Structures are given as C-alpha cells and as structure tokens.
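File shown: my_file36.cif. Contents: mmCIF, C-alpha atoms and all ligand atoms.
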data_structure
loop_
_atom_site.label_atom_id
_atom_site.label_comp_id
_atom_site.auth_asym_id
_atom_site.auth_seq_id
_atom_site.Cartn_x
_atom_site.Cartn_y
_atom_site.Cartn_z
CA MET M 1 123.94 -4.14 -113.17
CA ARG M 2 121.92 -7.22 -114.08
CA SER M 3 122.13 -8.71 -117.55
CA VAL M 4 119.10 -9.63 -119.60
CA GLU M 5 120.80 -13.02 -120.06
CA ALA M 6 119.48 -13.90 -116.59
CA PHE M 7 116.02 -14.09 -118.18
CA ARG M 8 116.78 -16.22 -121.26
CA ASP M 9 115.32 -19.40 -119.73
CA LEU M 10 112.14 -17.55 -118.90
CA GLN M 11 112.10 -16.16 -122.44
CA CYS M 12 111.57 -19.67 -123.91
CA GLU M 13 108.68 -20.37 -121.59
CA ALA M 14 107.17 -16.90 -121.97
CA THR M 15 107.37 -17.27 -125.76
CA GLU M 16 105.17 -20.36 -125.54
CA TRP M 17 102.65 -18.51 -123.35
CA ARG M 18 102.70 -15.49 -125.63
CA ARG M 19 102.08 -17.51 -128.77
CA TYR M 20 99.28 -19.48 -127.10
CA LEU M 21 97.62 -16.18 -126.10
CA HIS M 22 98.20 -14.83 -129.59
CA GLU M 23 96.43 -17.82 -131.17
CA ASN M 24 93.48 -17.41 -128.79
CA PRO M 25 92.61 -13.70 -128.67
CA GLU M 26 89.59 -12.47 -126.72
CA LEU M 27 87.93 -9.06 -126.68
CA ASP M 28 87.09 -6.46 -124.01
CA TYR M 29 85.66 -7.96 -120.79
CA GLN M 30 85.21 -11.39 -122.43
CA VAL M 31 88.80 -12.50 -121.74
CA HIS M 32 87.61 -15.59 -119.81
CA ASN M 33 90.02 -18.13 -121.28
CA THR M 34 92.96 -15.69 -121.01
CA ALA M 35 92.14 -14.94 -117.38
CA SER M 36 91.91 -18.64 -116.46
CA PHE M 37 95.23 -19.26 -118.24
CA VAL M 38 96.80 -16.43 -116.21
CA ALA M 39 95.29 -17.61 -112.90
CA GLU M 40 96.45 -21.21 -113.49
CA LYS M 41 99.98 -20.10 -114.28
CA LEU M 42 100.12 -17.84 -111.20
CA ALA M 43 98.97 -20.72 -108.98
CA SER M 44 101.58 -23.02 -110.55
CA PHE M 45 104.28 -20.51 -109.53
CA GLY M 46 103.30 -21.00 -105.89
CA ILE M 47 101.38 -17.73 -105.60
CA ASN M 48 98.45 -18.39 -103.28
CA HIS M 49 96.79 -14.98 -102.99
CA ILE M 50 94.98 -14.70 -106.34
CA GLU M 51 91.73 -12.79 -106.67
CA THR M 52 89.81 -13.26 -109.92
CA GLY M 53 86.62 -11.73 -111.30
CA ILE M 54 87.53 -8.10 -110.59
CA ALA M 55 85.88 -5.90 -113.23
CA GLU M 56 84.38 -9.18 -114.55
CA THR M 57 87.60 -10.87 -115.72
CA GLY M 58 90.45 -8.91 -114.11
CA ILE M 59 92.91 -10.51 -111.69
CA VAL M 60 95.04 -9.20 -108.82
CA ALA M 61 97.64 -11.55 -107.33
CA LEU M 62 99.94 -10.78 -104.42
CA ILE M 63 103.53 -11.96 -103.97
CA GLN M 64 105.04 -11.24 -100.59
CA GLY M 65 108.77 -10.52 -100.44
CA GLU M 66 111.09 -12.17 -97.95
CA GLY M 67 112.86 -8.88 -97.15
CA GLY M 68 110.51 -7.86 -94.36
CA GLU M 69 107.80 -5.24 -93.97
CA GLY M 70 107.29 -2.75 -96.75
CA PRO M 71 104.74 -1.17 -99.08
CA THR M 72 102.84 -2.88 -101.90
CA ILE M 73 103.44 -1.81 -105.48
CA GLY M 74 101.19 -2.63 -108.44
CA LEU M 75 102.46 -3.88 -111.82
CA ARG M 76 99.84 -3.87 -114.53
CA ALA M 77 99.39 -5.80 -117.77
CA ASP M 78 96.41 -5.66 -120.13
CA MET M 79 94.95 -8.87 -121.62
CA ASP M 80 92.47 -7.92 -124.38
CA ALA M 81 92.75 -8.17 -128.17
CA LEU M 82 91.15 -6.17 -130.99
CA PRO M 83 88.38 -6.82 -133.54
CA ILE M 84 90.81 -7.00 -136.48
CA VAL M 85 91.35 -9.74 -139.09
CA GLU M 86 94.96 -10.85 -138.64
CA ALA M 87 97.36 -10.63 -141.58
CA SER M 88 100.69 -11.32 -139.88
CA ASN M 89 101.11 -14.72 -141.61
CA LYS M 90 102.86 -16.02 -138.52
CA PRO M 91 102.53 -19.73 -137.66
CA TRP M 92 100.89 -18.65 -134.38
CA SER M 93 98.33 -16.36 -136.07
CA SER M 94 94.92 -15.93 -134.49
CA LYS M 95 92.66 -18.98 -134.66
CA VAL M 96 89.64 -16.77 -134.05
CA PRO M 97 88.32 -15.08 -137.18
CA GLY M 98 88.03 -11.30 -136.81
CA LYS M 99 89.99 -11.08 -133.54
CA MET M 100 93.70 -10.57 -133.07
CA HIS M 101 96.29 -9.37 -130.60
CA ALA M 102 97.22 -6.29 -132.65
CA CYS M 103 98.38 -4.18 -129.69
CA GLY M 104 100.73 -6.70 -128.08
CA HIS M 105 98.69 -7.26 -124.92
CA ASP M 106 99.54 -10.97 -125.37
CA GLY M 107 103.19 -9.94 -124.87
CA HIS M 108 102.33 -7.68 -121.91
CA THR M 109 100.51 -10.57 -120.20
CA ALA M 110 103.34 -13.03 -120.92
CA MET M 111 105.98 -10.61 -119.56
CA LEU M 112 104.12 -10.01 -116.31
CA LEU M 113 103.66 -13.79 -115.94
CA GLY M 114 107.40 -14.27 -116.54
CA ALA M 115 108.22 -11.68 -113.89
CA ALA M 116 105.69 -13.31 -111.52
CA LYS M 117 107.42 -16.68 -111.90
CA HIS M 118 110.84 -15.16 -111.18
CA LEU M 119 109.66 -12.99 -108.27
CA ALA M 120 107.69 -15.84 -106.68
CA SER M 121 110.79 -18.02 -106.62
CA THR M 122 113.33 -15.37 -105.50
CA ARG M 123 111.22 -13.02 -103.30
CA ASN M 124 114.26 -10.80 -102.91
CA PHE M 125 112.30 -7.68 -101.91
CA LYS M 126 110.50 -6.19 -98.96
CA GLY M 127 106.76 -5.57 -98.85
CA SER M 128 104.58 -7.02 -101.61
CA VAL M 129 103.96 -6.93 -105.33
CA ALA M 130 100.40 -6.77 -106.66
CA LEU M 131 100.20 -8.23 -110.17
CA ILE M 132 97.30 -6.54 -111.96
CA PHE M 133 95.94 -8.26 -115.09
CA GLN M 134 93.19 -6.12 -116.55
CA PRO M 135 90.57 -6.73 -119.24
CA ALA M 136 89.11 -4.21 -121.69
CA GLU M 137 91.91 -1.71 -122.26
CA GLU M 138 90.79 -1.10 -125.84
CA VAL M 139 87.10 -0.40 -125.20
CA GLU M 140 85.06 2.75 -124.87
CA LEU M 141 84.02 3.78 -121.38
CA PRO M 142 84.05 2.36 -118.88
CA SER M 143 87.31 0.58 -119.65
CA GLY M 144 88.87 -2.19 -117.59
CA GLY M 145 91.48 -0.01 -115.89
CA LEU M 146 88.80 2.42 -114.71
CA ARG M 147 86.53 -0.37 -113.47
CA MET M 148 89.31 -2.08 -111.53
CA VAL M 149 90.05 1.23 -109.81
CA GLN M 150 86.31 1.78 -109.18
CA GLU M 151 86.08 -1.70 -107.67
CA GLY M 152 88.61 -0.55 -105.13
CA ILE M 153 91.78 -2.53 -105.94
CA MET M 154 94.10 0.28 -104.83
CA ASP M 155 92.65 0.42 -101.30
CA ARG M 156 91.84 -3.26 -100.97
CA PHE M 157 95.37 -4.39 -101.82
CA ASP M 158 96.93 -1.34 -100.16
CA ILE M 159 98.81 -0.41 -103.35
CA SER M 160 101.00 2.67 -102.90
CA GLN M 161 102.50 3.01 -106.40
CA VAL M 162 101.57 1.59 -109.82
CA PHE M 163 103.62 0.88 -112.93
CA GLY M 164 102.67 0.04 -116.51
CA MET M 165 104.49 -0.85 -119.72
CA HIS M 166 103.65 -0.91 -123.44
CA ASN M 167 105.57 -2.21 -126.41
CA GLN M 168 106.68 0.33 -129.02
CA PRO M 169 107.00 -0.78 -132.65
CA GLY M 170 109.84 1.00 -134.45
CA MET M 171 111.96 1.26 -131.30
CA GLU M 172 114.91 -1.16 -131.10
CA ILE M 173 114.68 -4.33 -129.02
CA GLY M 174 116.39 -3.74 -125.67
CA LYS M 175 115.58 -0.01 -125.57
CA PHE M 176 113.23 1.78 -123.22
CA ALA M 177 111.62 5.24 -123.45
CA ILE M 178 109.85 7.30 -120.82
CA CYS M 179 109.34 10.90 -119.71
CA ASP M 180 108.32 12.72 -116.57
CA GLY M 181 104.85 14.31 -116.65
CA PRO M 182 102.31 13.65 -119.43
CA ILE M 183 103.45 10.66 -121.53
CA MET M 184 100.19 9.94 -123.37
CA GLY M 185 97.28 12.16 -124.28
CA SER M 186 93.71 12.31 -123.04
CA GLN M 187 90.85 11.25 -125.27
CA ASP M 188 87.53 13.04 -125.48
CA ASP M 189 84.89 12.56 -128.16
CA PHE M 190 82.26 14.96 -129.47
CA ASP M 191 79.07 14.75 -131.53
CA ILE M 192 77.47 17.61 -133.41
CA VAL M 193 74.11 17.51 -135.18
CA VAL M 194 73.67 20.41 -137.60
CA LYS M 195 69.94 21.08 -137.81
CA GLY M 196 68.93 22.80 -141.04
CA ARG M 197 65.91 22.41 -143.32
CA GLY M 198 66.02 19.83 -146.07
CA GLY M 199 64.55 19.82 -149.55
CA HIS M 200 65.19 19.04 -153.20
CA ALA M 201 68.82 19.32 -154.21
CA ALA M 202 67.75 21.22 -157.32
CA HIS M 203 66.33 24.03 -155.15
CA PRO M 204 68.88 24.72 -152.40
CA TYR M 205 67.61 28.31 -151.98
CA ARG M 206 64.41 26.84 -150.46
CA THR M 207 66.42 24.98 -147.80
CA ILE M 208 68.87 25.66 -145.00
CA ASP M 209 71.53 23.30 -146.29
CA PRO M 210 73.21 21.61 -143.31
CA VAL M 211 75.85 19.99 -145.55
CA VAL M 212 77.42 23.32 -146.45
CA ILE M 213 77.16 24.45 -142.82
CA ALA M 214 78.83 21.24 -141.62
CA ALA M 215 81.66 21.88 -144.08
CA GLN M 216 82.11 25.40 -142.66
CA ILE M 217 82.10 24.02 -139.12
CA ILE M 218 84.79 21.45 -139.98
CA LEU M 219 87.02 24.21 -141.36
CA GLY M 220 86.20 26.47 -138.41
CA LEU M 221 87.26 23.78 -135.93
CA GLN M 222 90.69 23.62 -137.59
CA THR M 223 91.32 27.19 -136.47
CA LEU M 224 90.82 26.33 -132.78
CA VAL M 225 94.21 24.60 -132.80
CA SER M 226 95.99 26.81 -135.34
CA ARG M 227 94.67 30.22 -134.16
CA LYS M 228 93.49 29.84 -130.58
CA THR M 229 95.88 27.40 -128.91
CA ASP M 230 99.38 28.23 -127.70
CA PRO M 231 101.63 26.40 -130.21
CA LYS M 232 103.80 25.18 -127.33
CA GLU M 233 100.83 23.18 -126.01
CA ALA M 234 99.59 20.02 -127.69
CA LEU M 235 95.99 19.77 -128.87
CA VAL M 236 94.49 17.66 -131.66
CA ILE M 237 90.91 18.09 -132.90
CA SER M 238 89.91 15.62 -135.64
CA VAL M 239 86.49 15.35 -137.26
CA THR M 240 86.16 11.68 -138.14
CA LYS M 241 82.48 10.95 -138.84
CA LEU M 242 80.08 12.66 -141.20
CA ARG M 243 76.58 11.54 -142.15
CA ALA M 244 74.19 13.36 -144.45
CA ALA M 245 71.51 12.24 -146.98
CA GLN M 246 71.76 8.90 -148.75
CA ALA M 247 70.57 10.25 -152.11
CA TYR M 248 72.06 12.37 -154.90
CA ASN M 249 69.07 14.65 -155.09
CA VAL M 250 68.21 15.28 -151.44
CA ILE M 251 69.37 18.02 -149.11
CA PRO M 252 68.88 16.48 -145.66
CA ASP M 253 67.33 18.17 -142.63
CA ASN M 254 70.30 17.27 -140.48
CA VAL M 255 73.97 16.37 -140.76
CA GLU M 256 75.60 14.35 -138.01
CA MET M 257 79.29 14.79 -137.39
CA ALA M 258 81.64 13.51 -134.71
CA GLY M 259 85.28 13.53 -133.81
CA THR M 260 87.95 13.23 -131.18
CA VAL M 261 90.04 15.59 -129.04
CA ARG M 262 93.52 14.67 -127.76
CA THR M 263 95.70 16.78 -125.51
CA LEU M 264 98.55 16.68 -123.00
CA ALA M 265 97.22 19.59 -120.92
CA SER M 266 94.06 19.04 -118.89
CA GLY M 267 93.03 22.71 -119.19
CA LEU M 268 92.77 22.25 -122.94
CA ARG M 269 90.00 19.70 -122.44
CA ASP M 270 87.82 22.47 -120.95
CA PHE M 271 88.93 24.80 -123.74
CA ALA M 272 88.06 22.25 -126.46
CA GLU M 273 84.63 21.51 -125.02
CA ARG M 274 83.76 25.20 -124.76
CA GLU M 275 85.26 26.35 -128.06
CA ILE M 276 84.05 23.50 -130.29
CA SER M 277 80.53 24.17 -129.08
CA ALA M 278 80.86 27.94 -129.53
CA CYS M 279 82.41 27.62 -132.99
CA ALA M 280 79.80 25.17 -134.28
CA GLN M 281 76.95 27.16 -132.73
CA GLY M 282 78.27 30.44 -134.15
CA VAL M 283 78.71 29.11 -137.67
CA ALA M 284 75.32 27.38 -137.68
CA ARG M 285 73.46 30.45 -136.39
CA GLY M 286 75.13 32.57 -139.04
CA PHE M 287 73.39 30.43 -141.66
CA GLY M 288 70.04 30.26 -139.86
CA ALA M 289 70.60 26.74 -138.55
CA ASP M 290 71.10 25.33 -135.09
CA ILE M 291 73.16 22.58 -133.53
CA GLU M 292 72.97 19.85 -130.89
CA PHE M 293 76.30 19.29 -129.14
CA LYS M 294 77.60 16.50 -126.93
CA TYR M 295 81.09 16.28 -125.45
CA ARG M 296 82.14 13.11 -123.70
CA ARG M 297 85.27 12.89 -121.54
CA SER M 298 86.94 9.56 -121.96
CA VAL M 299 90.49 8.56 -120.97
CA PRO M 300 92.47 11.15 -118.97
CA ILE M 301 96.08 12.13 -119.62
CA THR M 302 98.56 9.38 -118.69
CA PHE M 303 100.62 11.36 -116.22
CA ASN M 304 103.98 10.02 -115.01
CA HIS M 305 104.89 11.11 -111.49
CA THR M 306 108.48 12.26 -110.92
CA GLU M 307 109.43 9.76 -108.22
CA GLY M 308 107.94 6.79 -110.09
CA THR M 309 109.57 7.94 -113.34
CA ASN M 310 112.98 8.12 -111.68
CA LEU M 311 112.53 4.63 -110.22
CA ALA M 312 111.49 3.28 -113.63
CA ILE M 313 114.53 4.92 -115.29
CA LYS M 314 116.82 3.46 -112.63
CA ALA M 315 115.41 -0.05 -113.10
CA ALA M 316 115.64 0.12 -116.91
CA ARG M 317 119.20 1.47 -116.79
CA ASN M 318 120.16 -1.29 -114.42
CA LEU M 319 119.02 -3.80 -117.03
CA VAL M 320 120.20 -2.30 -120.33
CA GLY M 321 122.51 0.62 -119.46
CA SER M 322 121.94 4.36 -119.67
CA ALA M 323 122.51 4.60 -123.43
CA SER M 324 119.51 2.34 -124.07
CA VAL M 325 117.06 4.34 -121.94
CA ASP M 326 115.57 7.49 -123.47
CA ASP M 327 114.40 9.34 -120.36
CA LYS M 328 113.06 12.35 -122.26
CA MET M 329 110.90 10.85 -124.98
CA GLY M 330 108.34 13.06 -126.70
CA PRO M 331 104.86 12.17 -125.38
CA SER M 332 102.38 10.36 -127.61
CA MET M 333 98.92 11.77 -128.40
CA GLY M 334 97.47 8.26 -128.21
CA ALA M 335 95.41 7.44 -125.12
CA GLU M 336 95.98 4.61 -122.63
CA ASP M 337 93.60 3.54 -119.89
CA PHE M 338 96.44 2.93 -117.41
CA ALA M 339 95.88 6.69 -116.95
CA TYR M 340 93.08 5.84 -114.48
CA MET M 341 95.46 3.87 -112.30
CA LEU M 342 97.95 6.76 -112.38
CA GLU M 343 95.13 9.08 -111.31
CA ALA M 344 94.47 6.81 -108.33
CA ARG M 345 98.11 6.25 -107.33
CA PRO M 346 101.52 7.74 -108.25
CA GLY M 347 103.76 5.74 -110.56
CA ALA M 348 104.96 5.60 -114.15
CA PHE M 349 104.31 4.13 -117.59
CA ILE M 350 107.23 3.11 -119.82
CA PHE M 351 107.68 2.03 -123.46
CA LEU M 352 109.65 -1.05 -124.46
CA GLY M 353 111.21 -1.46 -127.94
CA ASN M 354 109.38 -3.97 -130.15
CA GLY M 355 111.84 -3.77 -133.07
CA PRO M 356 110.92 -3.02 -136.70
CA THR M 357 107.42 -4.55 -136.59
CA ALA M 358 104.19 -3.24 -138.08
CA ALA M 359 102.48 -0.55 -136.01
CA CYS M 360 100.05 -1.35 -133.19
CA HIS M 361 96.45 -1.88 -134.42
CA ASN M 362 97.79 -2.86 -137.88
CA PRO M 363 96.60 -6.30 -139.14
CA ALA M 364 100.27 -7.28 -139.79
CA PHE M 365 101.41 -6.46 -136.23
CA ASP M 366 102.91 -9.15 -134.01
CA PHE M 367 104.49 -8.72 -130.59
CA ASN M 368 108.23 -9.44 -130.87
CA ASP M 369 109.22 -12.33 -128.61
CA GLU M 370 112.78 -10.97 -128.49
CA ALA M 371 111.38 -8.18 -126.28
CA LEU M 372 110.12 -10.64 -123.65
CA PRO M 373 113.33 -10.97 -121.54
CA TYR M 374 113.67 -7.16 -121.48
CA GLY M 375 110.13 -6.68 -120.24
CA ILE M 376 110.47 -9.46 -117.67
CA GLY M 377 113.86 -8.11 -116.56
CA TYR M 378 112.45 -4.60 -116.24
CA TRP M 379 109.62 -5.74 -113.95
CA VAL M 380 112.01 -7.72 -111.76
CA ASP M 381 114.54 -4.87 -111.57
CA LEU M 382 111.76 -2.40 -110.83
CA VAL M 383 110.48 -4.47 -107.91
CA GLU M 384 113.98 -4.93 -106.51
CA THR M 385 114.63 -1.18 -106.95
CA VAL M 386 111.40 0.17 -105.44
CA LEU M 387 111.21 -2.49 -102.74
CA ALA M 388 114.98 -2.83 -102.18
CA VAL M 389 115.85 -4.87 -99.10
ZN ZN M 401 95.81 -0.62 -128.50
ZN ZN M 402 97.80 -1.40 -126.14
#

For the structure just supplied, provide its representation as structure tokens.
Ligand SMILES: [Zn+2]
Ligand SMILES: [Zn+2]
Amino acid sequence: MRSVEAFRDLQCEATEWRRYLHENPELDYQVHNTASFVAEKLASFGINHIETGIAETGIVALIQGEGGEGPTIGLRADMDALPIVEASNKPWSSKVPGKMHACGHDGHTAMLLGAAKHLASTRNFKGSVALIFQPAEEVELPSGGLRMVQEGIMDRFDISQVFGMHNQPGMEIGKFAICDGPIMGSQDDFDIVVKGRGGHAAHPYRTIDPVVIAAQIILGLQTLVSRKTDPKEALVISVTKLRAAQAYNVIPDNVEMAGTVRTLASGLRDFAEREISACAQGVARGFGADIEFKYRRSVPITFNHTEGTNLAIKAARNLVGSASVDDKMGPSMGAEDFAYMLEARPGAFIFLGNGPTAACHNPAFDFNDEALPYGIGYWVDLVETVLAV
C-alpha cells in the first residue's frame, strides 16, 4: 500500500496551480489561457508528445512508461468554469466578474497535472498514459467530451480504457466512492408549446385557454413517474420553464413549457420521449387545443464498466485502504459528459471526497486543496495498477 504522504510535496505545487486556475476561470470552449497553462506545465515536466487544439482548446499528452510494451489508458480532467458570480470570499477568488470555478474543474486540472509530473519522472509502468484535458464540460450540446471523441482521440492515441474523476462535496477528504454500472444519469430536454386560442381574460369562455391546459399537462407528467414507471427504476421528469402572456388581462394563444428528463436506464429515455408527447397531446386534445413537441437527447448515462470499476477500486484502496472506498455508492441523477468517453471506450468514473464544502454550482463552492494529494495519488496508483510492470 502506498501512503498519500508520498504526494505531499506535489500538493504544495498543485495548490499553487489550482489557486491560479481558480483566480482565472474561463468558460466552455474559451479556455485558452487555461489550456496554455496546462501545455506549458506538461512541457516543463519533460513530456514531449503534447497535442493541443483538439475540440478547439482540448489537449492530449502522452507519457510513455519504461516498463515495456503495453496498452494506452486515458485519464481525463475537465478545465471549464461556470457563469456564476463567486461568493466564496477566499483570497484566491475569481478575478473575472461573473465567472467562477464552481464545479472544481480547477482542482481536477491541477490533480491531473500533479499526476503527470509524478508519472513523467517515475515512468514505472508499461505502455502509455494519455492525459486528456477537455474544455466545455458544462455546456449544452455538443460538449467538449463528445467533440474530443468525435475528433477521434480514442483511435488516434490508441486508447483502450478511459478513467475520470469528480470531487464530491459532503464526502470526507481521503474517501472515494464508485459503483459498477450506471453511476450518473442521462440528460434529455423537452419543449412543449400548448397551442390554444387567446382572448380577453374577462371572457375565458370565448378562448381555448392554454394556461389551464399547460397546468393540466404539468400535473399529468407527474404521473408518468409515479404511475407508469417501475419504482425500482430511476426516472426524473421536471418541468422547469413556463411562459405565457405578459399581461394581467390577456389569455395568450400559446404557452411554452420546457423541462428535463434524467434516468439511469436507457430504455426509459425512449419511454419518456414517447409518453411525455402522448400525455401532453392527449390532455391538449381533450380541451380542443394542440401541441408542438420537441425532445432532445443530450448527455448519455455515465456507465462504469465492471473491469474498469474493479481496477479503480483496487487503486483507491491501495491509496487509502478499503474502509475509505465506498464501492457501492448510490448513483447520482446528475449528468456528466465523461459519459461520451465511456461510450467510446470501457473504463470508470470515481468520486473523490471534497470535505464539508458548499455544493457544486453554488456561488460559495471552492475546491478543497486537501483533496489534491488524494486525487494525484489515485491517478498514479491507477496507472501503476492498470499498466503494472
Ligand atoms: Zn458542474
Ligand atoms: Zn463538474
């Protein structure tokens, strides 16, 4: 077993990187400064195979082990921040108004850089490691993970397995959590326009009031989960947007509504698309109205493969001991675009304790630098486990 103490020196350095990235957040594909910072650091570690500009600002860098021939595995970190006004009150708070690292991708980038520095100096593994730094995890389609896969990184770098990691606020520092199979949900979005007939609010009997119909549809959609889905399967349908008339005395012609669907079972995506449409159509027709319906598939389910999961568990246990690795965590209904990489190649996604911090996407969130040596140690152990000499 390796102790996390082996990574304390790297922790100091990685803390500086992390805080620099935190002060200088960038959004979506526009992570130009972050990507140059990453590329410069990688070069300074003696890594000479660095490809930049993949999916605009993504980077893949290769470190070859000194343990002989072997496969290439991919380790992925995301680099983008969020359009949120920071309220963490930390000395290293964002210097860019309206942008902040509220999901800890600054920490993810710093940890993969720390692991890169260690691996480039020790090279105690066979085959190669592909360090994947991706932009635009937080954006709507097409996200950075999808675009890097579409631009062919898996084939081009001959990557056979991929691994990802995310910090988890509320979980103790030094703990890891993972599960086999679905670990994060898929995300689909839908739009419904209820098409009625507007008029004066004083004379609703002369209209087909789409507001009342929209209200019925919202309630009807709640029954798709409660009455039509096996309670042992996870499905969330949330209506989140609603737009009707802007005036007190107007019944509008149309009401626009929209929402999101999350699930851990891919068959339920087909179910949701079909049943939301049928429910909305049925309710609207019952009142003499009609609907327009759009369903957009976004991020797929983040699906951990058994072999990759077992390797990840082994590496984490090697670092922190079995008691600190929850290998049967309950999956999250949040979505994560690393899912695209796991669709392209087998592997696993793991959560790393961030201590009692504010939640991700909260203006008070800050990545916990105490987690850095655990994340760095996990990457190093994982490489030396999967690519053991
Ligand atoms: Zn996020
Ligand atoms: Zn995130």

Ligand ZN 402 (chain M): which residues are within 8 Å, counting only C-alpha atoms and all ligand atoms? Reply as a list in words. Asp78, Cys103, Gly104, His105, Glu137, Glu138, His166, Asn167, Glu336 and Cys360 of chain M

- Item | Nearby residues (all atoms listed in the file) at most 12 Å from Gly288 in chain M, same-chain spacing under 3 positions excluded, as a count of residues only | 15

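When all atoms listed in the file are used to compute distances to ligand ZN 401 (chain M), the closest of the residues M:Thr385, M:Gln168, M:Asn24, M:Ser44 turns out to be M:Gln168.
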
Counting only C-alpha atoms, closest pick from M:Asn124, M:Gln134, M:Asn304, M:Thr240 relative to Ala77 in chain M is M:Gln134

*asked:* Using all atoms listed in the file, which protein or nucleic acid residues come within 12 Å of Phe338 in chain M? Drop anything in the same chain fewer than 5 positions from it, and give the result as a PyMOL selection string.
replied: chain M and resi 74-78+132-138+143-149+162-166+183-186+299-304+343-350

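Going from CA of Thr260 in chain M over to CA of Leu224 in chain M, you cover 13.5 Å.
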